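J.: Here it is, the structure in full.
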Amino acid sequence: MKIATFNINGIRARAAALCDWLDEAKPDVVLLQEIKSVDDAFPRAPFEERGYRVETHGQKSFNGVALLSRLPVEDIRRGLPGDEGDEQARWIEATVIGTQAVRVCGLYLPNGNPAPGPKYDYKLSWMRRLKTRAEALLKGEEPALMAGDYNIIPQPEDAKRPETWQDDALYRPESRRAWRDIINLGFTDAFRARDQGPENYTFWDYQAGAWSRNNGIRIDHMLLTPQCADLMSDCGIDAEIRGRERPSDHVPLWVELDA
DNA sequence: ATGCCTCCCCGAGGGAGA
């Protein structure tokens, strides 16, 4: 089972580009972030034609997440538990049935800038709710993963120029501590289990030639429960598509599971 | 660089992103 996460930065602006990548990469499951679309405006047809079931959790203009699956899906849930007043569409989860069942969670963690401030407070409180959901997933003792745009640069080697991110919500000590609090529960950072090297990024700013200078950051992640990590056979970043026409500013990250 | 692009809103120019 191949599972990917991709911050698409507007599904309507990039449905054709996403289809091109689907045809090449052939993932079974794709978790999308920043669809920037309400559910009714999501362009479902090209994905359904390719055999994908489409499940959305959309919002007008901003945020929005979705799940595409060409394997059977059960028990879809929308919204991160823990705050009934949270109106922002940043979480979708479902059980995907391959040779065994895998619980997949797609997330779009708040950016949090400017920090400090109310947006940063929202980011940190959202991460506390994420930790609570993560603890529950671990208690299930089943294959599960949480994948998406975490808006977290975990370590200096995850940025080309870490010194420029020092006061940014993506890299501030409180953000990275909250990330480690979740990792330390017992999750595996799938990409780092596969590759410990520098200069592996998932995002490059549109401005100032960031892509051509490889001035990137690694902020899209997949965290695996122990039972899921045991199934992982490969993990990679499809960086090449960042160089195509009108790309998203993020690229896909994927895992291959024996499931 | 208090933002160099690009998305969204919809039909101008501003908010948000990271």
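In the structure tokens, chains take the letters A, B, ... in the order shown, each chain's residues start at 1, and ligands count up from 1 in the order shown.
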Just list the residues in stretch 131-235 of chain A DSSP gives strand (DSSP E) on the backbone, as a PDB file with N, CA and C atoms, in the first residue's frame.

T.:
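Generated output (states_8.pdb):
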```pdb
ATOM      1  N   ALA A 144      -1.106   2.686  12.147  1.00  0.00           N
ATOM      2  CA  ALA A 144      -1.739   3.991  11.946  1.00  0.00           C
ATOM      3  C   ALA A 144      -0.655   5.007  11.622  1.00  0.00           C
ATOM      4  N   LEU A 145      -1.033   6.032  10.876  1.00  0.00           N
ATOM      5  CA  LEU A 145      -0.092   7.113  10.595  1.00  0.00           C
ATOM      6  C   LEU A 145      -0.819   8.443  10.581  1.00  0.00           C
ATOM      7  N   MET A 146      -0.042   9.489  10.883  1.00  0.00           N
ATOM      8  CA  MET A 146      -0.532  10.870  10.825  1.00  0.00           C
ATOM      9  C   MET A 146       0.375  11.597   9.836  1.00  0.00           C
ATOM     10  N   ALA A 147      -0.222  12.030   8.705  1.00  0.00           N
ATOM     11  CA  ALA A 147       0.593  12.583   7.619  1.00  0.00           C
ATOM     12  C   ALA A 147       0.036  13.927   7.191  1.00  0.00           C
ATOM     13  N   GLY A 148       0.937  14.831   6.854  1.00  0.00           N
ATOM     14  CA  GLY A 148       0.474  16.102   6.331  1.00  0.00           C
ATOM     15  C   GLY A 148       1.503  17.201   6.418  1.00  0.00           C
ATOM     16  N   ASP A 149       0.973  18.426   6.260  1.00  0.00           N
ATOM     17  CA  ASP A 149       1.797  19.629   6.378  1.00  0.00           C
ATOM     18  C   ASP A 149       1.800  20.022   7.847  1.00  0.00           C
ATOM     19  N   THR A 188       7.445   7.060  14.694  1.00  0.00           N
ATOM     20  CA  THR A 188       8.594   7.086  13.793  1.00  0.00           C
ATOM     21  C   THR A 188       8.372   8.150  12.723  1.00  0.00           C
ATOM     22  N   ASP A 189       9.338   9.067  12.577  1.00  0.00           N
ATOM     23  CA  ASP A 189       9.368  10.013  11.464  1.00  0.00           C
ATOM     24  C   ASP A 189       9.802   9.202  10.240  1.00  0.00           C
ATOM     25  N   PHE A 203       9.264  21.748   0.811  1.00  0.00           N
ATOM     26  CA  PHE A 203       8.685  23.064   0.497  1.00  0.00           C
ATOM     27  C   PHE A 203       9.778  24.017   0.048  1.00  0.00           C
ATOM     28  N   TRP A 204       9.466  24.776  -1.008  1.00  0.00           N
ATOM     29  CA  TRP A 204      10.340  25.856  -1.473  1.00  0.00           C
ATOM     30  C   TRP A 204       9.442  27.046  -1.771  1.00  0.00           C
ATOM     31  N   GLY A 216      15.180  25.303   0.595  1.00  0.00           N
ATOM     32  CA  GLY A 216      13.927  24.683   1.018  1.00  0.00           C
ATOM     33  C   GLY A 216      13.879  24.374   2.498  1.00  0.00           C
ATOM     34  N   ILE A 217      12.745  23.804   2.911  1.00  0.00           N
ATOM     35  CA  ILE A 217      12.564  23.326   4.287  1.00  0.00           C
ATOM     36  C   ILE A 217      11.775  22.012   4.254  1.00  0.00           C
ATOM     37  N   ASP A 220       6.707  18.816   5.712  1.00  0.00           N
ATOM     38  CA  ASP A 220       5.657  17.805   5.513  1.00  0.00           C
ATOM     39  C   ASP A 220       6.208  16.484   6.050  1.00  0.00           C
ATOM     40  N   HIS A 221       5.422  15.835   6.884  1.00  0.00           N
ATOM     41  CA  HIS A 221       5.931  14.667   7.610  1.00  0.00           C
ATOM     42  C   HIS A 221       4.884  13.567   7.690  1.00  0.00           C
ATOM     43  N   MET A 222       5.383  12.333   7.931  1.00  0.00           N
ATOM     44  CA  MET A 222       4.509  11.189   8.195  1.00  0.00           C
ATOM     45  C   MET A 222       5.000  10.531   9.474  1.00  0.00           C
ATOM     46  N   LEU A 223       4.145  10.514  10.492  1.00  0.00           N
ATOM     47  CA  LEU A 223       4.480   9.878  11.766  1.00  0.00           C
ATOM     48  C   LEU A 223       3.744   8.547  11.858  1.00  0.00           C
ATOM     49  N   LEU A 224       4.514   7.475  12.125  1.00  0.00           N
ATOM     50  CA  LEU A 224       3.986   6.108  12.095  1.00  0.00           C
ATOM     51  C   LEU A 224       3.965   5.504  13.498  1.00  0.00           C
ATOM     52  N   MET A 232       6.736  -0.595   7.079  1.00  0.00           N
ATOM     53  CA  MET A 232       7.299   0.315   6.077  1.00  0.00           C
ATOM     54  C   MET A 232       8.433  -0.336   5.300  1.00  0.00           C
ATOM     55  N   SER A 233       8.329  -0.293   3.977  1.00  0.00           N
ATOM     56  CA  SER A 233       9.405  -0.812   3.136  1.00  0.00           C
ATOM     57  C   SER A 233      10.163   0.299   2.412  1.00  0.00           C
ATOM     58  N   ASP A 234       9.552   1.483   2.263  1.00  0.00           N
ATOM     59  CA  ASP A 234      10.238   2.585   1.599  1.00  0.00           C
ATOM     60  C   ASP A 234       9.525   3.894   1.907  1.00  0.00           C
ATOM     61  N   CYS A 235      10.258   4.999   1.708  1.00  0.00           N
ATOM     62  CA  CYS A 235       9.708   6.344   1.920  1.00  0.00           C
ATOM     63  C   CYS A 235      10.491   7.299   1.046  1.00  0.00           C
TER      64      CYS A 235
END
```

J.: Write out as a PDB file with N, CA and C atoms, in the first residue's frame every residue belonging to chain A that has an atom at most 9 Å from any atom of chain B, counting only C-alpha atoms (C1' of nucleotides).

T.:
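Listing of selection39.pdb after writing:
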```pdb
ATOM      1  N   ASN A   9      -2.006  23.342  -2.442  1.00  0.00           N
ATOM      2  CA  ASN A   9      -2.150  24.801  -2.584  1.00  0.00           C
ATOM      3  C   ASN A   9      -3.213  25.170  -3.625  1.00  0.00           C
ATOM      4  N   GLY A  10      -4.442  24.705  -3.377  1.00  0.00           N
ATOM      5  CA  GLY A  10      -5.558  25.031  -4.264  1.00  0.00           C
ATOM      6  C   GLY A  10      -5.857  23.893  -5.221  1.00  0.00           C
ATOM      7  N   ALA A  13      -6.886  24.938  -8.870  1.00  0.00           N
ATOM      8  CA  ALA A  13      -5.780  25.462  -9.689  1.00  0.00           C
ATOM      9  C   ALA A  13      -4.835  24.350 -10.131  1.00  0.00           C
ATOM     10  N   LYS A  36      -8.341  24.573  -0.366  1.00  0.00           N
ATOM     11  CA  LYS A  36      -8.898  25.926  -0.560  1.00  0.00           C
ATOM     12  C   LYS A  36     -10.220  25.866  -1.325  1.00  0.00           C
ATOM     13  N   SER A  37     -11.070  24.965  -0.895  1.00  0.00           N
ATOM     14  CA  SER A  37     -12.315  24.742  -1.629  1.00  0.00           C
ATOM     15  C   SER A  37     -13.372  24.199  -0.673  1.00  0.00           C
ATOM     16  N   LYS A  60     -14.332  27.385   2.845  1.00  0.00           N
ATOM     17  CA  LYS A  60     -14.244  28.439   1.843  1.00  0.00           C
ATOM     18  C   LYS A  60     -12.879  29.149   1.919  1.00  0.00           C
ATOM     19  N   SER A  61     -12.237  29.286   0.789  1.00  0.00           N
ATOM     20  CA  SER A  61     -11.019  30.100   0.607  1.00  0.00           C
ATOM     21  C   SER A  61      -9.732  29.522   1.198  1.00  0.00           C
ATOM     22  N   PHE A  62      -9.800  29.061   2.443  1.00  0.00           N
ATOM     23  CA  PHE A  62      -8.565  28.693   3.135  1.00  0.00           C
ATOM     24  C   PHE A  62      -8.620  27.245   3.627  1.00  0.00           C
ATOM     25  N   ASN A 111      -0.008  27.318  10.610  1.00  0.00           N
ATOM     26  CA  ASN A 111       1.293  27.955  10.383  1.00  0.00           C
ATOM     27  C   ASN A 111       1.794  28.643  11.662  1.00  0.00           C
ATOM     28  N   ASN A 113       2.344  31.921  12.345  1.00  0.00           N
ATOM     29  CA  ASN A 113       2.939  33.261  12.289  1.00  0.00           C
ATOM     30  C   ASN A 113       1.852  34.328  12.277  1.00  0.00           C
ATOM     31  N   ASN A 151       3.925  22.123   9.242  1.00  0.00           N
ATOM     32  CA  ASN A 151       4.454  23.466   9.465  1.00  0.00           C
ATOM     33  C   ASN A 151       5.468  23.493  10.606  1.00  0.00           C
ATOM     34  N   ASP A 168      10.824  32.200  13.724  1.00  0.00           N
ATOM     35  CA  ASP A 168       9.620  31.860  12.963  1.00  0.00           C
ATOM     36  C   ASP A 168       8.823  30.772  13.681  1.00  0.00           C
ATOM     37  N   ALA A 169       7.495  30.834  13.526  1.00  0.00           N
ATOM     38  CA  ALA A 169       6.617  29.849  14.178  1.00  0.00           C
ATOM     39  C   ALA A 169       6.920  28.414  13.740  1.00  0.00           C
ATOM     40  N   LEU A 170       7.565  28.247  12.581  1.00  0.00           N
ATOM     41  CA  LEU A 170       7.870  26.893  12.092  1.00  0.00           C
ATOM     42  C   LEU A 170       9.068  26.269  12.811  1.00  0.00           C
ATOM     43  N   ASP A 205       9.775  28.207  -1.194  1.00  0.00           N
ATOM     44  CA  ASP A 205       8.993  29.417  -1.407  1.00  0.00           C
ATOM     45  C   ASP A 205       8.943  29.749  -2.902  1.00  0.00           C
ATOM     46  N   TYR A 206       7.838  30.395  -3.313  1.00  0.00           N
ATOM     47  CA  TYR A 206       7.741  30.840  -4.706  1.00  0.00           C
ATOM     48  C   TYR A 206       8.706  31.983  -5.000  1.00  0.00           C
ATOM     49  N   GLN A 207       9.118  32.694  -3.964  1.00  0.00           N
ATOM     50  CA  GLN A 207       9.858  33.943  -4.170  1.00  0.00           C
ATOM     51  C   GLN A 207      11.370  33.724  -4.195  1.00  0.00           C
ATOM     52  N   ALA A 208      12.027  34.664  -4.870  1.00  0.00           N
ATOM     53  CA  ALA A 208      13.493  34.791  -4.808  1.00  0.00           C
ATOM     54  C   ALA A 208      14.235  33.540  -5.269  1.00  0.00           C
ATOM     55  N   GLY A 209      13.626  32.811  -6.208  1.00  0.00           N
ATOM     56  CA  GLY A 209      14.331  31.663  -6.776  1.00  0.00           C
ATOM     57  C   GLY A 209      14.674  30.580  -5.780  1.00  0.00           C
ATOM     58  N   ARG A 246       3.628  25.952 -13.059  1.00  0.00           N
ATOM     59  CA  ARG A 246       2.662  26.349 -12.028  1.00  0.00           C
ATOM     60  C   ARG A 246       2.523  25.282 -10.936  1.00  0.00           C
ATOM     61  N   SER A 248       2.577  23.509  -7.048  1.00  0.00           N
ATOM     62  CA  SER A 248       2.388  23.869  -5.637  1.00  0.00           C
ATOM     63  C   SER A 248       3.749  24.246  -5.069  1.00  0.00           C
ATOM     64  N   ASP A 249       3.747  24.963  -3.962  1.00  0.00           N
ATOM     65  CA  ASP A 249       5.036  25.258  -3.314  1.00  0.00           C
ATOM     66  C   ASP A 249       5.526  24.077  -2.465  1.00  0.00           C
TER      67      ASP A 249
END
```

J.: Which residues are close to A:Ala159, i.e. within 7 Å by only C-alpha atoms (C1' of nucleotides), leaving aside same-chain residues fewer than 2 positions away? Reply as a PyMOL selection string.

T.: chain A and resi 156-157+161-162+216-218

J.: DSSP on the backbone: which residues in stretch 39-223 of chain A end up as helix (DSSP H, G or I)? Give the answer as a PyMOL selection string.

T.: chain A and resi 39-41+45-49+118-139+156-158+162-165+173-183+190-194

J.: Keeping only N, CA and C atoms, write those residues as a short mmCIF file (atom, residue, chain, number, x, y, z; two decimals), in the first residue's frame.

T.:
```cif
data_model
loop_
_atom_site.label_atom_id
_atom_site.label_comp_id
_atom_site.auth_asym_id
_atom_site.auth_seq_id
_atom_site.Cartn_x
_atom_site.Cartn_y
_atom_site.Cartn_z
N ASP A 39 -16.62 21.66 -0.15
CA ASP A 39 -16.79 20.28 -0.62
C ASP A 39 -17.43 20.22 -2.01
N ASP A 40 -18.46 21.06 -2.22
CA ASP A 40 -19.21 21.00 -3.48
C ASP A 40 -18.40 21.48 -4.68
N ALA A 41 -17.36 22.27 -4.43
CA ALA A 41 -16.56 22.81 -5.55
C ALA A 41 -15.33 21.97 -5.85
N ALA A 45 -14.40 14.57 -10.51
CA ALA A 45 -14.49 13.67 -11.67
C ALA A 45 -13.15 13.10 -12.13
N PRO A 46 -12.11 13.93 -12.31
CA PRO A 46 -10.85 13.35 -12.82
C PRO A 46 -10.25 12.30 -11.90
N PHE A 47 -10.53 12.42 -10.62
CA PHE A 47 -9.99 11.45 -9.65
C PHE A 47 -10.84 10.18 -9.63
N GLU A 48 -12.16 10.37 -9.68
CA GLU A 48 -13.05 9.20 -9.72
C GLU A 48 -12.83 8.40 -11.00
N GLU A 49 -12.55 9.10 -12.10
CA GLU A 49 -12.25 8.39 -13.36
C GLU A 49 -11.02 7.50 -13.23
N PRO A 118 -1.82 35.58 18.78
CA PRO A 118 -2.96 34.64 18.83
C PRO A 118 -2.85 33.49 17.83
N LYS A 119 -2.28 33.74 16.66
CA LYS A 119 -2.14 32.64 15.70
C LYS A 119 -1.14 31.59 16.19
N TYR A 120 -0.12 32.07 16.89
CA TYR A 120 0.85 31.12 17.45
C TYR A 120 0.23 30.34 18.61
N ASP A 121 -0.58 31.03 19.42
CA ASP A 121 -1.29 30.33 20.50
C ASP A 121 -2.19 29.24 19.93
N TYR A 122 -2.86 29.55 18.81
CA TYR A 122 -3.73 28.55 18.17
C TYR A 122 -2.92 27.35 17.68
N LYS A 123 -1.75 27.62 17.11
CA LYS A 123 -0.88 26.53 16.66
C LYS A 123 -0.52 25.60 17.82
N LEU A 124 -0.07 26.18 18.92
CA LEU A 124 0.37 25.36 20.06
C LEU A 124 -0.81 24.61 20.69
N SER A 125 -1.97 25.25 20.75
CA SER A 125 -3.12 24.54 21.34
C SER A 125 -3.57 23.42 20.39
N TRP A 126 -3.46 23.65 19.09
CA TRP A 126 -3.82 22.61 18.10
C TRP A 126 -2.86 21.42 18.26
N MET A 127 -1.61 21.71 18.53
CA MET A 127 -0.62 20.63 18.72
C MET A 127 -0.88 19.84 20.01
N ARG A 128 -1.43 20.50 21.02
CA ARG A 128 -1.81 19.75 22.23
C ARG A 128 -2.96 18.79 21.93
N ARG A 129 -3.92 19.27 21.12
CA ARG A 129 -5.02 18.37 20.70
C ARG A 129 -4.49 17.23 19.84
N LEU A 130 -3.52 17.54 18.99
CA LEU A 130 -2.91 16.49 18.14
C LEU A 130 -2.24 15.43 19.01
N LYS A 131 -1.58 15.87 20.07
CA LYS A 131 -0.91 14.92 20.96
C LYS A 131 -1.94 13.99 21.61
N THR A 132 -3.07 14.54 21.99
CA THR A 132 -4.12 13.72 22.60
C THR A 132 -4.62 12.66 21.61
N ARG A 133 -4.84 13.07 20.35
CA ARG A 133 -5.27 12.11 19.33
C ARG A 133 -4.18 11.07 19.08
N ALA A 134 -2.91 11.52 19.10
CA ALA A 134 -1.78 10.63 18.88
C ALA A 134 -1.68 9.57 19.98
N GLU A 135 -1.92 9.98 21.21
CA GLU A 135 -1.89 9.03 22.33
C GLU A 135 -2.97 7.95 22.15
N ALA A 136 -4.14 8.38 21.70
CA ALA A 136 -5.22 7.41 21.49
C ALA A 136 -4.88 6.43 20.37
N LEU A 137 -4.24 6.94 19.30
CA LEU A 137 -3.84 6.04 18.21
C LEU A 137 -2.85 4.99 18.71
N LEU A 138 -1.91 5.41 19.56
CA LEU A 138 -0.92 4.46 20.08
C LEU A 138 -1.57 3.39 20.94
N LYS A 139 -2.56 3.81 21.72
CA LYS A 139 -3.25 2.85 22.59
C LYS A 139 -3.96 1.77 21.78
N PRO A 156 17.89 21.60 12.52
CA PRO A 156 18.62 22.52 11.62
C PRO A 156 18.84 21.92 10.22
N GLU A 157 19.09 20.63 10.14
CA GLU A 157 19.36 20.02 8.84
C GLU A 157 18.11 19.95 7.96
N ASP A 158 16.96 20.34 8.52
CA ASP A 158 15.72 20.34 7.75
C ASP A 158 15.46 21.70 7.08
N PRO A 162 18.92 27.52 8.31
CA PRO A 162 18.18 27.48 9.58
C PRO A 162 18.25 28.80 10.35
N GLU A 163 19.34 29.55 10.19
CA GLU A 163 19.47 30.80 10.95
C GLU A 163 18.39 31.81 10.59
N THR A 164 17.84 31.72 9.38
CA THR A 164 16.81 32.68 8.97
C THR A 164 15.43 32.32 9.54
N TRP A 165 15.31 31.14 10.15
CA TRP A 165 14.02 30.68 10.67
C TRP A 165 13.93 30.78 12.20
N PRO A 173 11.45 27.36 19.50
CA PRO A 173 11.64 26.25 20.44
C PRO A 173 10.33 25.60 20.90
N GLU A 174 9.29 26.41 21.14
CA GLU A 174 8.03 25.83 21.63
C GLU A 174 7.40 24.91 20.57
N SER A 175 7.54 25.30 19.29
CA SER A 175 6.99 24.48 18.21
C SER A 175 7.73 23.15 18.12
N ARG A 176 9.04 23.22 18.17
CA ARG A 176 9.84 22.00 18.02
C ARG A 176 9.70 21.11 19.26
N ARG A 177 9.53 21.73 20.43
CA ARG A 177 9.30 20.94 21.64
C ARG A 177 7.97 20.19 21.53
N ALA A 178 6.94 20.86 21.03
CA ALA A 178 5.63 20.20 20.88
C ALA A 178 5.73 19.04 19.89
N TRP A 179 6.52 19.22 18.84
CA TRP A 179 6.78 18.14 17.87
C TRP A 179 7.46 16.96 18.56
N ARG A 180 8.50 17.25 19.32
CA ARG A 180 9.23 16.17 20.00
C ARG A 180 8.35 15.48 21.03
N ASP A 181 7.45 16.24 21.69
CA ASP A 181 6.53 15.63 22.66
C ASP A 181 5.70 14.53 21.99
N ILE A 182 5.34 14.75 20.74
CA ILE A 182 4.53 13.76 20.01
C ILE A 182 5.42 12.61 19.55
N ILE A 183 6.55 12.93 18.92
CA ILE A 183 7.51 11.89 18.48
C ILE A 183 7.85 10.96 19.65
N ALA A 190 8.83 8.86 9.38
CA ALA A 190 9.07 7.89 8.31
C ALA A 190 10.26 8.29 7.45
N PHE A 191 10.34 9.56 7.06
CA PHE A 191 11.42 9.95 6.17
C PHE A 191 12.79 9.79 6.82
N ARG A 192 12.90 10.17 8.09
CA ARG A 192 14.20 10.07 8.77
C ARG A 192 14.58 8.62 9.09
N ALA A 193 13.61 7.72 9.12
CA ALA A 193 13.95 6.30 9.27
C ALA A 193 14.62 5.77 8.01
N ARG A 194 14.40 6.47 6.90
CA ARG A 194 14.88 6.03 5.59
C ARG A 194 16.13 6.78 5.17
#
```

J.: Provide the atom CA of A:Tyr201 to atom CA of A:Thr56 distance in Å, to one decimal place.

T.: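 Computing the Euclidean distance for atom CA of A:Tyr201 and atom CA of A:Thr56 yields 26.6 Å.
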
J.: Rounded to one decimal, what separation in Å do you get between atom CA of A:Ile3 and atom CA of A:Val102?

T.: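 The value is 10.2 Å.
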
J.: Quick one, how far is atom CA of A:Leu107 from atom CA of A:Arg90?

T.: 5.5 Å

J.: Which residues are near A:Trp254? Cut-off 7 Å, only C-alpha atoms (C1' of nucleotides), ignore same chain within fewer than 6 positions. Put them as a list in words.

T.: Lys2, Ile3, Ala4, Thr5, Cys235, Gly236 and Ile237 of chain A

J.: Take the residues from that selection and write them out as a compact mmCIF listing (two decimals), in the first residue's frame, keeping C-alpha atoms.

T.:
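Result file selection-v8.txt:
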```txt
# COMPACT_ATOMS: atom_id res chain seq x y z
CA LYS A 2 1.46 3.34 -1.08
CA ILE A 3 0.27 6.37 0.91
CA ALA A 4 1.20 9.95 0.03
CA THR A 5 0.68 13.40 1.52
CA CYS A 235 9.71 6.34 1.92
CA GLY A 236 10.53 9.21 -0.41
CA ILE A 237 9.98 12.81 -1.51
```
